[in-house]
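**Student:** Structure file query22.txt (compact mmCIF, C-alpha atoms) is given on the next line.
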# COMPACT_ATOMS: atom_id res chain seq x y z
CA MET A 182 0.00 0.00 0.00
CA TRP A 183 1.26 3.49 -0.86
CA PRO A 184 2.27 5.78 2.00
CA THR A 185 -0.23 8.63 2.18
CA ASP A 186 0.51 12.05 0.61
CA VAL A 187 4.22 11.64 -0.17
CA GLY A 188 6.01 14.91 -0.79
CA ILE A 189 7.98 17.77 0.73
CA VAL A 190 7.61 17.98 4.52
CA ALA A 191 10.10 20.77 5.20
CA LEU A 192 12.25 23.25 3.26
CA GLU A 193 15.32 25.37 3.98
CA LEU A 194 17.26 27.65 1.64
CA ILE A 195 20.49 29.60 2.11
CA PHE A 196 22.41 32.10 0.00
CA PRO A 197 25.67 34.04 0.46
CA SER A 198 25.88 36.90 2.95
CA GLN A 199 27.40 39.22 0.34
CA TYR A 200 26.32 40.37 -3.11
CA VAL A 201 27.29 42.73 -5.90
CA ASP A 202 24.66 44.96 -7.45
CA GLN A 203 23.99 44.26 -11.13
CA THR A 204 23.94 47.97 -11.97
CA ASP A 205 27.39 48.44 -10.43
CA LEU A 206 28.67 45.41 -12.32
CA GLU A 207 27.21 46.79 -15.56
CA THR A 208 29.20 49.96 -15.15
CA TYR A 209 32.39 48.19 -14.11
CA ASP A 210 32.36 45.56 -16.88
CA GLN A 211 30.71 47.79 -19.47
CA VAL A 212 28.25 45.01 -20.28
CA SER A 213 24.50 44.58 -20.14
CA ALA A 214 23.30 43.25 -16.92
CA GLY A 215 24.94 38.69 -9.89
CA LYS A 216 25.50 37.56 -6.83
CA TYR A 217 28.39 35.46 -5.59
CA THR A 218 30.17 33.53 -2.89
CA ILE A 219 33.76 34.09 -1.88
CA GLY A 220 36.58 31.62 -1.29
CA LEU A 221 35.44 30.76 2.23
CA GLU A 222 32.37 28.97 0.86
CA ASP A 223 32.44 26.00 -1.50
CA ILE A 224 29.70 23.57 -2.45
CA ASN A 225 30.38 21.36 0.56
CA SER A 226 30.08 24.27 3.00
CA LEU A 227 26.86 25.53 1.39
CA CYS A 228 25.31 22.07 1.75
CA LEU A 229 26.57 21.65 5.32
CA THR A 230 24.96 24.96 6.24
CA VAL A 231 21.57 24.28 4.66
CA VAL A 232 21.28 20.79 6.17
CA SER A 233 22.25 21.87 9.68
CA ARG A 234 19.81 24.80 9.53
CA LEU A 235 16.94 22.64 8.32
CA MET A 236 17.42 20.03 11.05
CA GLU A 237 17.80 22.67 13.77
CA ARG A 238 14.85 24.79 12.63
CA TYR A 239 12.50 21.80 12.63
CA ASN A 240 14.14 20.15 15.65
CA ILE A 241 14.48 16.85 13.77
CA PRO A 242 16.98 14.28 15.09
CA TYR A 243 19.55 13.22 12.49
CA SER A 244 18.62 9.61 13.30
CA LYS A 245 15.24 10.20 11.59
CA VAL A 246 16.86 10.43 8.14
CA GLY A 247 17.26 7.21 6.14
CA ARG A 248 18.20 8.52 2.72
CA LEU A 249 20.30 11.51 1.67
CA GLY A 250 20.61 12.49 -1.97
CA THR A 251 22.67 15.44 -3.20
CA GLU A 252 23.60 17.10 -6.47
CA THR A 253 26.77 18.65 -7.89
CA ILE A 254 30.42 17.67 -7.76
CA LEU A 255 33.63 18.93 -6.20
CA ASP A 256 35.72 15.78 -6.15
CA LYS A 257 35.60 13.40 -9.15
CA SER A 258 35.14 10.42 -6.82
CA LYS A 259 34.09 11.43 -3.31
CA SER A 260 30.46 12.60 -3.17
CA VAL A 261 29.21 15.73 -1.41
CA LYS A 262 26.84 13.38 0.44
CA THR A 263 29.77 11.69 2.18
CA VAL A 264 31.03 15.10 3.39
CA LEU A 265 27.58 15.78 4.86
CA MET A 266 27.77 12.54 6.84
CA GLN A 267 29.89 14.32 9.48
CA LEU A 268 26.64 15.97 10.64
CA PHE A 269 24.92 12.63 11.21
CA LYS A 270 27.41 11.25 13.75
CA ASP A 271 26.19 7.74 14.84
CA ASN A 272 23.59 7.47 12.06
CA SER A 273 25.55 5.78 9.28
CA ASP A 274 22.59 3.81 7.85
CA ILE A 275 21.70 6.37 5.19
CA GLU A 276 21.23 5.48 1.51
CA GLY A 277 22.00 7.71 -1.47
CA VAL A 278 24.92 9.49 -3.13
CA ASP A 279 25.30 12.41 -5.54
CA THR A 280 23.33 12.74 -8.77
CA VAL A 281 25.03 14.94 -11.37
CA ASN A 282 23.74 16.72 -14.46
CA ALA A 283 24.03 20.48 -14.68
CA CYS A 284 20.97 22.14 -13.07
CA TYR A 285 18.84 18.97 -13.16
CA GLY A 286 20.70 16.80 -10.65
CA GLY A 287 18.75 18.10 -7.65
CA THR A 288 15.47 17.19 -9.34
CA SER A 289 16.78 13.70 -10.04
CA ALA A 290 17.76 13.37 -6.37
CA LEU A 291 14.26 14.54 -5.39
CA PHE A 292 12.61 11.96 -7.67
CA ASN A 293 14.84 9.27 -6.15
CA ALA A 294 13.79 10.35 -2.66
CA ILE A 295 10.09 10.16 -3.56
CA SER A 296 10.61 6.71 -5.08
CA TRP A 297 12.43 5.50 -1.95
CA VAL A 298 9.60 6.59 0.33
CA GLU A 299 7.10 4.84 -1.94
CA SER A 300 9.18 1.64 -2.21
CA SER A 301 9.63 -1.59 -0.26
CA ALA A 302 13.00 -0.23 0.94
CA TRP A 303 11.35 2.55 2.98
CA ASP A 304 11.81 2.06 6.72
CA GLY A 305 9.59 4.92 7.90
CA ARG A 306 12.33 7.57 8.09
CA TYR A 307 12.64 10.76 6.08
CA ALA A 308 14.59 11.21 2.88
CA LEU A 309 16.67 14.38 2.65
CA VAL A 310 17.47 16.07 -0.66
CA VAL A 311 20.18 18.72 -0.89
CA ALA A 312 20.73 20.80 -4.03
CA GLY A 313 23.46 23.42 -4.07
CA ASP A 314 25.55 25.26 -6.62
CA ILE A 315 27.89 28.16 -7.22
CA ALA A 316 27.29 29.74 -10.62
CA VAL A 317 30.32 31.70 -11.79
CA TYR A 318 31.29 32.84 -15.27
CA ALA A 319 34.36 34.35 -16.87
CA LYS A 320 34.37 38.13 -17.14
CA GLY A 321 31.80 39.30 -19.67
CA SER A 322 28.07 39.57 -20.32
CA ALA A 323 27.17 36.26 -18.61
CA ARG A 324 28.84 37.04 -15.27
CA PRO A 325 26.02 39.25 -13.88
CA THR A 326 23.53 36.35 -14.14
CA GLY A 327 25.54 34.17 -11.73
CA GLY A 328 24.46 33.30 -8.22
CA ALA A 329 24.95 30.78 -5.42
CA GLY A 330 22.82 28.97 -2.89
CA ALA A 331 21.59 25.65 -1.55
CA VAL A 332 18.23 24.16 -0.71
CA ALA A 333 17.40 21.20 1.55
CA MET A 334 14.09 19.37 1.25
CA LEU A 335 12.80 16.80 3.71
CA VAL A 336 10.67 14.17 1.95
CA GLY A 337 8.17 11.91 3.66
CA ALA A 338 4.54 10.85 4.05
CA ASN A 339 1.64 13.09 5.12
CA ALA A 340 3.41 16.07 3.58
CA PRO A 341 1.94 19.57 3.09
CA LEU A 342 3.37 19.63 -0.48
CA VAL A 343 2.20 16.38 -2.12
CA PHE A 344 3.56 15.07 -5.42
CA ASP A 345 0.92 14.31 -8.05
CA ARG A 346 1.22 10.69 -9.18
CA GLY A 347 1.24 9.58 -12.78
CA VAL A 348 1.82 12.97 -14.44
CA ARG A 349 5.60 13.38 -14.36
CA ALA A 350 6.89 14.14 -17.86
CA THR A 351 10.55 13.93 -18.90
CA PHE A 352 12.53 14.91 -22.01
CA MET A 353 16.22 14.09 -22.45
CA LYS A 354 18.53 14.60 -25.40
CA HIS A 355 22.22 14.86 -26.27
CA ALA A 356 23.27 18.51 -26.72
CA TYR A 357 26.30 20.72 -26.12
CA ASP A 358 24.44 23.85 -25.06
CA PHE A 359 26.24 24.37 -21.73
CA TYR A 360 28.96 22.12 -20.34
CA LYS A 361 32.18 22.12 -18.30
CA PRO A 362 34.82 20.10 -20.17
CA ASP A 363 37.81 21.71 -18.43
CA LEU A 364 38.00 20.25 -14.92
CA SER A 365 40.72 22.73 -13.97
CA SER A 366 38.28 25.63 -14.39
CA GLU A 367 34.95 26.56 -12.77
CA TYR A 368 33.81 28.35 -15.90
CA PRO A 369 31.43 26.68 -18.38
CA THR A 370 31.46 26.55 -22.16
CA VAL A 371 28.17 28.07 -23.31
CA ASP A 372 26.41 28.26 -26.66
CA GLY A 373 23.86 30.91 -25.72
CA LYS A 374 21.51 30.61 -28.69
CA LEU A 375 21.52 26.80 -28.62
CA SER A 376 20.94 26.86 -24.86
CA ILE A 377 17.75 28.91 -25.27
CA GLN A 378 16.53 26.67 -28.09
CA CYS A 379 17.20 23.52 -26.05
CA TYR A 380 15.42 24.98 -23.01
CA LEU A 381 12.30 25.98 -24.96
CA SER A 382 12.21 22.72 -26.93
CA ALA A 383 12.47 20.72 -23.70
CA LEU A 384 9.68 22.84 -22.20
CA ASP A 385 7.43 22.11 -25.21
CA HIS A 386 7.99 18.36 -25.00
CA CYS A 387 7.57 18.17 -21.22
CA TYR A 388 4.44 20.31 -21.11
CA GLN A 389 2.69 18.42 -23.91
CA LEU A 390 3.44 15.07 -22.28
CA TYR A 391 2.45 16.41 -18.85
CA CYS A 392 -0.92 17.55 -20.22
CA THR A 393 -1.49 14.18 -21.90
CA LYS A 394 -0.84 12.38 -18.61
CA ALA A 395 -2.83 14.94 -16.62
CA ASN A 396 -5.86 14.40 -18.86
CA LYS A 397 -5.89 10.78 -17.68
CA SER A 398 -4.81 11.19 -14.05
CA LEU A 399 -6.33 14.53 -13.07
CA GLY A 400 -9.28 14.62 -15.45
CA GLY A 401 -10.62 17.11 -17.95
CA ASN A 402 -9.18 18.81 -21.01
CA PHE A 403 -6.05 19.87 -19.15
CA ASP A 404 -4.39 23.21 -19.88
CA ILE A 405 -2.59 25.97 -18.00
CA LYS A 406 -5.79 27.38 -16.53
CA GLN A 407 -6.03 24.33 -14.28
CA LEU A 408 -2.70 25.20 -12.67
CA ASP A 409 -2.64 27.77 -9.86
CA ALA A 410 1.09 28.44 -10.20
CA VAL A 411 3.79 27.52 -12.71
CA LEU A 412 7.46 27.56 -11.66
CA PHE A 413 10.50 27.30 -13.93
CA HIS A 414 14.23 26.80 -13.71
CA ALA A 415 15.38 30.42 -13.97
CA PRO A 416 18.64 31.12 -15.86
CA TYR A 417 17.36 34.70 -15.95
CA CYS A 418 13.94 36.19 -15.20
CA LYS A 419 13.07 37.26 -18.75
CA LEU A 420 13.37 33.67 -19.98
CA VAL A 421 10.89 32.60 -17.30
CA GLN A 422 8.35 35.15 -18.54
CA LYS A 423 8.88 33.89 -22.09
CA SER A 424 8.42 30.32 -20.86
CA LEU A 425 5.03 31.03 -19.31
CA ALA A 426 3.97 32.61 -22.61
CA ARG A 427 5.24 29.53 -24.41
CA LEU A 428 2.90 27.30 -22.43
CA ILE A 429 0.03 29.45 -23.73
CA LEU A 430 1.45 28.97 -27.23
CA ASN A 431 1.42 25.21 -26.66
CA ASP A 432 -2.20 25.31 -25.49
CA PHE A 433 -3.05 27.43 -28.54
CA THR A 434 -1.52 24.96 -31.00
CA ARG A 435 -3.36 22.06 -29.32
CA ALA A 436 -6.73 23.85 -29.30
CA SER A 437 -9.49 23.29 -31.85
CA GLU A 438 -10.29 25.98 -34.39
CA GLU A 439 -13.41 26.90 -32.42
CA GLU A 440 -11.43 27.21 -29.18
CA ARG A 441 -8.85 29.42 -30.88
CA SER A 442 -11.54 31.82 -32.06
CA THR A 443 -13.27 32.03 -28.66
CA LYS A 444 -10.45 31.66 -26.09
CA TYR A 445 -7.50 33.31 -27.85
CA ASN A 446 -8.72 36.66 -29.12
CA GLY A 447 -6.10 38.52 -31.14
CA LEU A 448 -3.95 35.45 -31.85
CA GLU A 449 -5.83 34.11 -34.87
CA ALA A 450 -3.01 35.07 -37.25
CA PHE A 451 -0.78 32.41 -35.71
CA LYS A 452 -3.11 29.45 -36.22
CA ASN A 453 -0.80 27.66 -38.69
CA ILE A 454 2.53 28.07 -36.89
CA LYS A 455 4.75 25.15 -35.91
CA LEU A 456 6.36 25.21 -32.47
CA GLU A 457 9.80 24.28 -33.80
CA ASP A 458 9.79 27.36 -36.04
CA THR A 459 9.09 29.83 -33.22
CA TYR A 460 12.07 29.64 -30.85
CA PHE A 461 13.40 33.00 -32.06
CA ASP A 462 10.29 34.43 -33.72
CA ARG A 463 9.99 37.87 -32.09
CA GLU A 464 6.49 38.48 -33.47
CA VAL A 465 5.11 35.28 -31.92
CA GLU A 466 7.01 35.89 -28.70
CA LYS A 467 5.70 39.44 -28.34
CA ALA A 468 2.09 38.46 -29.06
CA PHE A 469 1.96 35.59 -26.59
CA MET A 470 3.86 37.48 -23.88
CA SER A 471 1.33 40.28 -24.19
CA TYR A 472 -1.59 37.83 -24.07
CA SER A 473 -0.18 36.04 -21.01
CA LYS A 474 0.88 39.14 -19.03
CA THR A 475 -1.89 38.92 -16.43
CA MET A 476 -1.44 35.17 -16.08
CA PHE A 477 2.31 35.65 -15.58
CA GLU A 478 1.67 38.17 -12.79
CA GLU A 479 -0.66 35.71 -11.05
CA LYS A 480 0.94 32.31 -11.64
CA THR A 481 4.68 32.87 -12.01
CA LYS A 482 5.99 36.27 -10.94
CA PRO A 483 5.68 35.53 -7.18
CA SER A 484 8.21 32.70 -7.68
CA LEU A 485 10.94 35.05 -8.95
CA LEU A 486 11.86 36.84 -5.71
CA LEU A 487 15.09 34.88 -5.15
CA ALA A 488 16.01 34.69 -8.84
CA ASN A 489 15.77 38.47 -8.96
CA GLN A 490 17.73 39.05 -5.75
CA VAL A 491 20.30 36.23 -5.79
CA GLY A 492 20.74 35.44 -9.49
CA ASN A 493 20.81 32.01 -11.10
CA MET A 494 21.62 29.49 -8.37
CA TYR A 495 21.78 26.69 -10.99
CA THR A 496 20.62 23.48 -9.26
CA PRO A 497 18.57 25.14 -6.48
CA SER A 498 17.05 27.64 -8.92
CA LEU A 499 13.70 25.89 -9.39
CA TYR A 500 13.35 25.23 -5.67
CA GLY A 501 14.31 28.81 -4.91
CA GLY A 502 11.22 29.56 -6.98
CA LEU A 503 9.17 27.28 -4.76
CA VAL A 504 10.49 28.99 -1.63
CA SER A 505 9.76 32.40 -3.20
CA LEU A 506 6.17 31.38 -3.84
CA LEU A 507 5.73 30.07 -0.29
CA VAL A 508 7.04 33.32 1.27
CA SER A 509 4.88 35.48 -0.97
CA LYS A 510 1.50 34.17 0.25
CA SER A 511 -0.19 33.08 3.46
CA ALA A 512 -0.91 29.43 4.24
CA LYS A 513 -4.60 30.16 3.75
CA ASP A 514 -4.00 31.56 0.25
CA LEU A 515 -1.78 28.59 -0.68
CA ALA A 516 -4.08 25.85 0.64
CA GLY A 517 -5.45 23.47 -1.99
CA LYS A 518 -3.46 24.95 -4.89
CA ARG A 519 -1.73 22.93 -7.60
CA ILE A 520 1.79 23.98 -8.66
CA ALA A 521 3.55 22.82 -11.84
CA LEU A 522 7.36 22.87 -11.87
CA PHE A 523 9.69 22.70 -14.89
CA SER A 524 13.24 21.55 -14.24
CA TYR A 525 15.98 21.92 -16.86
CA GLY A 526 19.63 20.94 -16.91
CA SER A 527 21.87 21.49 -19.91
CA GLY A 528 23.21 18.61 -21.86
CA LEU A 529 20.19 18.03 -21.67
CA ALA A 530 17.77 16.68 -19.05
CA SER A 531 14.34 18.09 -18.18
CA SER A 532 11.09 17.22 -16.41
CA MET A 533 7.74 18.75 -15.58
CA PHE A 534 5.82 17.61 -12.51
CA SER A 535 3.28 19.02 -10.10
CA LEU A 536 2.58 19.41 -6.40
CA ARG A 537 -0.74 19.70 -4.61
CA ILE A 538 -0.68 21.88 -1.52
CA SER A 539 -2.53 20.58 1.52
CA SER A 540 -5.99 22.05 2.03
CA ASP A 541 -5.44 22.27 5.80
CA SER A 542 -4.06 25.73 6.63
CA GLY A 543 -5.09 25.84 10.28
CA PRO A 544 -2.79 27.32 12.96
CA ASP A 545 -1.45 23.88 13.93
CA SER A 546 -1.24 22.46 10.39
CA ASP A 547 1.91 21.21 8.69
CA LEU A 548 1.36 23.78 5.92
CA GLN A 549 1.27 26.65 8.41
CA ARG A 550 4.42 25.31 10.03
CA LEU A 551 6.17 25.06 6.64
CA VAL A 552 5.26 28.63 5.67
CA ALA A 553 6.19 29.98 9.11
CA SER A 554 9.59 28.29 8.93
CA LEU A 555 10.50 30.41 5.90
CA VAL A 556 9.71 33.87 7.31
CA HIS A 557 13.44 34.56 7.75
CA ILE A 558 14.11 34.52 3.98
CA LYS A 559 13.07 38.11 3.16
CA PRO A 560 14.80 39.70 6.20
CA GLN A 561 17.96 37.72 5.46
CA LEU A 562 18.05 39.12 1.93
CA GLU A 563 18.07 42.60 3.44
CA MET A 564 20.90 41.68 5.84
CA ARG A 565 23.41 40.94 3.09
CA ARG A 566 26.46 43.13 2.61
CA LYS A 567 26.75 44.94 -0.70
CA VAL A 568 30.23 44.63 -2.20
CA PRO A 569 31.68 47.09 -4.75
CA ALA A 570 32.06 45.73 -8.28
CA GLU A 571 35.84 46.31 -8.11
CA GLU A 572 36.13 44.13 -5.01
CA PHE A 573 33.97 41.46 -6.64
CA ALA A 574 36.25 41.39 -9.70
CA GLN A 575 39.33 41.02 -7.48
CA ILE A 576 37.74 38.17 -5.54
CA MET A 577 36.81 36.39 -8.77
CA GLU A 578 40.42 36.65 -9.95
CA THR A 579 41.62 35.22 -6.64
CA ARG A 580 39.03 32.45 -6.81
CA GLU A 581 40.08 31.52 -10.36
CA HIS A 582 43.77 31.52 -9.39
CA ASN A 583 43.18 29.26 -6.37
CA HIS A 584 40.73 26.83 -7.99
CA HIS A 585 41.79 23.29 -6.95
CA LYS A 586 44.95 24.67 -5.36
CA ALA A 587 46.50 22.58 -2.57
CA PRO A 588 47.55 23.26 0.08
CA TYR A 589 45.33 26.31 0.45
CA SER A 590 43.84 28.41 3.25
CA PRO A 591 41.11 30.93 2.27
CA MET A 592 41.84 34.49 3.34
CA GLY A 593 38.34 36.02 3.50
CA PRO A 594 36.91 37.48 6.73
CA VAL A 595 34.67 35.07 8.65
CA ASP A 596 32.76 37.87 10.37
CA THR A 597 30.93 38.70 7.12
CA LEU A 598 29.20 35.30 7.08
CA PHE A 599 25.73 34.70 8.48
CA PRO A 600 25.66 33.10 11.96
CA GLY A 601 25.74 29.30 11.77
CA THR A 602 27.40 29.26 8.34
CA TRP A 603 29.85 26.46 7.60
CA TYR A 604 32.97 27.59 5.76
CA LEU A 605 36.11 26.13 4.22
CA ASP A 606 38.94 26.38 6.75
CA SER A 607 41.75 24.74 4.78
CA VAL A 608 42.78 22.34 2.03
CA ASP A 609 45.82 20.22 2.83
CA ASP A 610 48.48 18.97 0.40
CA LEU A 611 46.39 15.83 -0.28
CA HIS A 612 43.39 17.97 -1.25
CA ARG A 613 41.51 17.02 1.94
CA ARG A 614 39.13 19.80 2.94
CA SER A 615 38.38 20.86 6.51
CA TYR A 616 35.40 22.95 7.56
CA LYS A 617 34.44 25.08 10.54
CA GLN A 618 31.14 26.70 11.57
CA VAL A 619 30.52 30.31 12.48
CA PRO A 620 28.96 30.40 15.97
CA GLY A 621 25.18 30.57 15.76
Translate this file's structure into structure tokens.
**Tutor:**
Amino acid sequence: MWPTDVGIVALELIFPSQYVDQTDLETYDQVSAGKYTIGLEDINSLCLTVVSRLMERYNIPYSKVGRLGTETILDKSKSVKTVLMQLFKDNSDIEGVDTVNACYGGTSALFNAISWVESSAWDGRYALVVAGDIAVYAKGSARPTGGAGAVAMLVGANAPLVFDRGVRATFMKHAYDFYKPDLSSEYPTVDGKLSIQCYLSALDHCYQLYCTKANKSLGGNFDIKQLDAVLFHAPYCKLVQKSLARLILNDFTRASEEERSTKYNGLEAFKNIKLEDTYFDREVEKAFMSYSKTMFEEKTKPSLLLANQVGNMYTPSLYGGLVSLLVSKSAKDLAGKRIALFSYGSGLASSMFSLRISSDSGPDSDLQRLVASLVHIKPQLEMRRKVPAEEFAQIMETREHNHHKAPYSPMGPVDTLFPGTWYLDSVDDLHRRSYKQVPG
């Protein structure tokens, strides 16, 4: 028998304590318009911080976790998950290791966690999913889009955010749109135009398959109007707005001629278009963005708080959107809503799935507790220290110079970090990393 209402029980998200303003970076780099983390924080420290904060905030014993899945890579062999095991002390009976593929690995780890809870291997404990990344680019127009952060999600039964069964849609394909072939460098190789085409093509395929499955599992002639919110992986906010419009375009191409004439006023001229011909069609893009403007404001814009303030966090990006949505509304307003999420990772891997929010928003409900646990997010954004663009550029040069250097001791000031933050203390001559925690 299935466990009841399997999904996300608890959420925590962290981001760096310092940022550089995009406008300042524009002026300094003389480029069109990012947020960053300095040498004291690496992917291991980000994940250590977000896990310890989640467990402390919810007062959950580490012994209650039976599976831990993470995303990203620092060492080519040793997983980030094994580094996190130092938090679990005597609890060594924990399944799972890292899942890696660009910005999609965290979603894969989340799917694995859901499957574990629903499987014969489940022993009644929680699964914990950790997705973290540091998005840095070489100097130039892409650098201002970068960001950093980590999210931890506790997965279990009787959750306030329940995964819809039978509607998950996936699209995977071989592509070189964004990749990191040089292991000595943090910087990616990016084909910008191909990356956008791959993203939009993956969105088309996933949404169409999701709707086909939703017609069977959720009933009705399924389209975007039956979704209360739609969240996207957010490389940059404008692409998210275009993506919401593209779902309308998909619904339009699937509609009957009668539906097009009654439901899509002003779009009749596009009745014969083919999706694959429209990736860079400005006329189509403009028309459908205009048509979907109100829907974007209602269904998607509330999810862009962190993308706007922190930049592209890569792997946690989509789940930063989920946190943004949860902090933008009350538990009462969220109760009973259905949220669709689109996850994309270059190379490429993508999925669309949906969550149903619990209808119980009472003062002692799990949903109220989840929403209340995230009230620190907005104040913490305001507590960050703004760094001049010149200082940011110097730190990026230092970071690039010391990438994979051993032995190495970071030189940044610890007192700029948020209380409770884990940070990299040293790397010895065998590349073994040691971490310390700022007093909470």
**Student:** Using all atoms listed in the file, which of the listed residues (A:Val595, A:Leu399, A:Leu448, A:Val421) sits closest to Glu464 (chain A)?
**Tutor:**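 Residue with the minimum atom-to-atom distance to Glu464 (chain A): A:Leu448.
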**Student:** If I take CA of Arg427 (chain A) and CA of Leu381 (chain A), how far is one from the other in Å, to one decimal?
**Tutor:**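 Separation between CA of Arg427 (chain A) and CA of Leu381 (chain A): 7.9 Å.
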**Student:** Which is closest to Ser398 (chain A) among A:Ala340, A:Leu291, A:Val348, A:Val619, if we use all atoms listed in the file?
**Tutor:** A:Val348
**Student:** Out of A:Gln561, A:Ser527, A:Met334, A:Gln199, which residue has the shortest atom-to-atom distance to Phe359 (chain A) when counting all atoms listed in the file?
**Tutor:**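 Selected residue with least distance to Phe359 (chain A): A:Ser527.
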**Student:** Measuring between only C-alpha atoms, which one of A:Gly517, A:Gly188, A:Gly373, A:Pro197 shows the shortest distance to Ala410 (chain A)?
**Tutor:** A:Gly517
**Student:** Which one of A:Gly250, A:Pro588, A:Gly277, A:Gly447 sits closest to His612 (chain A) if you count only C-alpha atoms?
**Tutor:**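 Among the listed residues, the smallest separation from His612 (chain A) belongs to A:Pro588.
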**Student:** What is the distance between CA of Ser531 (chain A) and CA of Cys387 (chain A), in Å to one decimal?
**Tutor:** 7.4 Å
**Student:** Between A:Tyr445, A:Phe469, A:Trp303, A:Phe352, single out the one closest to Leu430 (chain A), counting all atoms listed in the file.
**Tutor:**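 Residue with the minimum atom-to-atom distance to Leu430 (chain A): A:Phe469.
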**Student:** Env of Val190 (chain A): 8 Å cut, atoms = all atoms listed in the file, seq-sep filter 5 positions within chain, self excluded. Answer as a list in words.
**Tutor:** Met334, Leu335, Val336, Gly337, Ala338, Asn339, Ala340, Pro341, Leu342, Asp547 and Leu551 of chain A
**Student:** CA of Lys467 (chain A) to CA of Val371 (chain A): how many Å, to one decimal?
**Tutor:**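 Answer for the CA of Lys467 (chain A) to CA of Val371 (chain A) separation: 25.7 Å.
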**Student:** Here's a test: counting all atoms listed in the file, identify every protein, DNA and RNA residue with an atom at most 10 Å from (23.8, 28.2, -23.3) in the file's coordinate frame, and state them as a ChimeraX atom specification.
**Tutor:** /A:323,357-360,369-380,416,527-528
**Student:** Could you pull the residues within 7 Å of Tyr589 (chain A), counting only C-alpha atoms, minus those fewer than 4 positions along the same chain, as a PyMOL selection string?
**Tutor:** chain A and resi 607-609
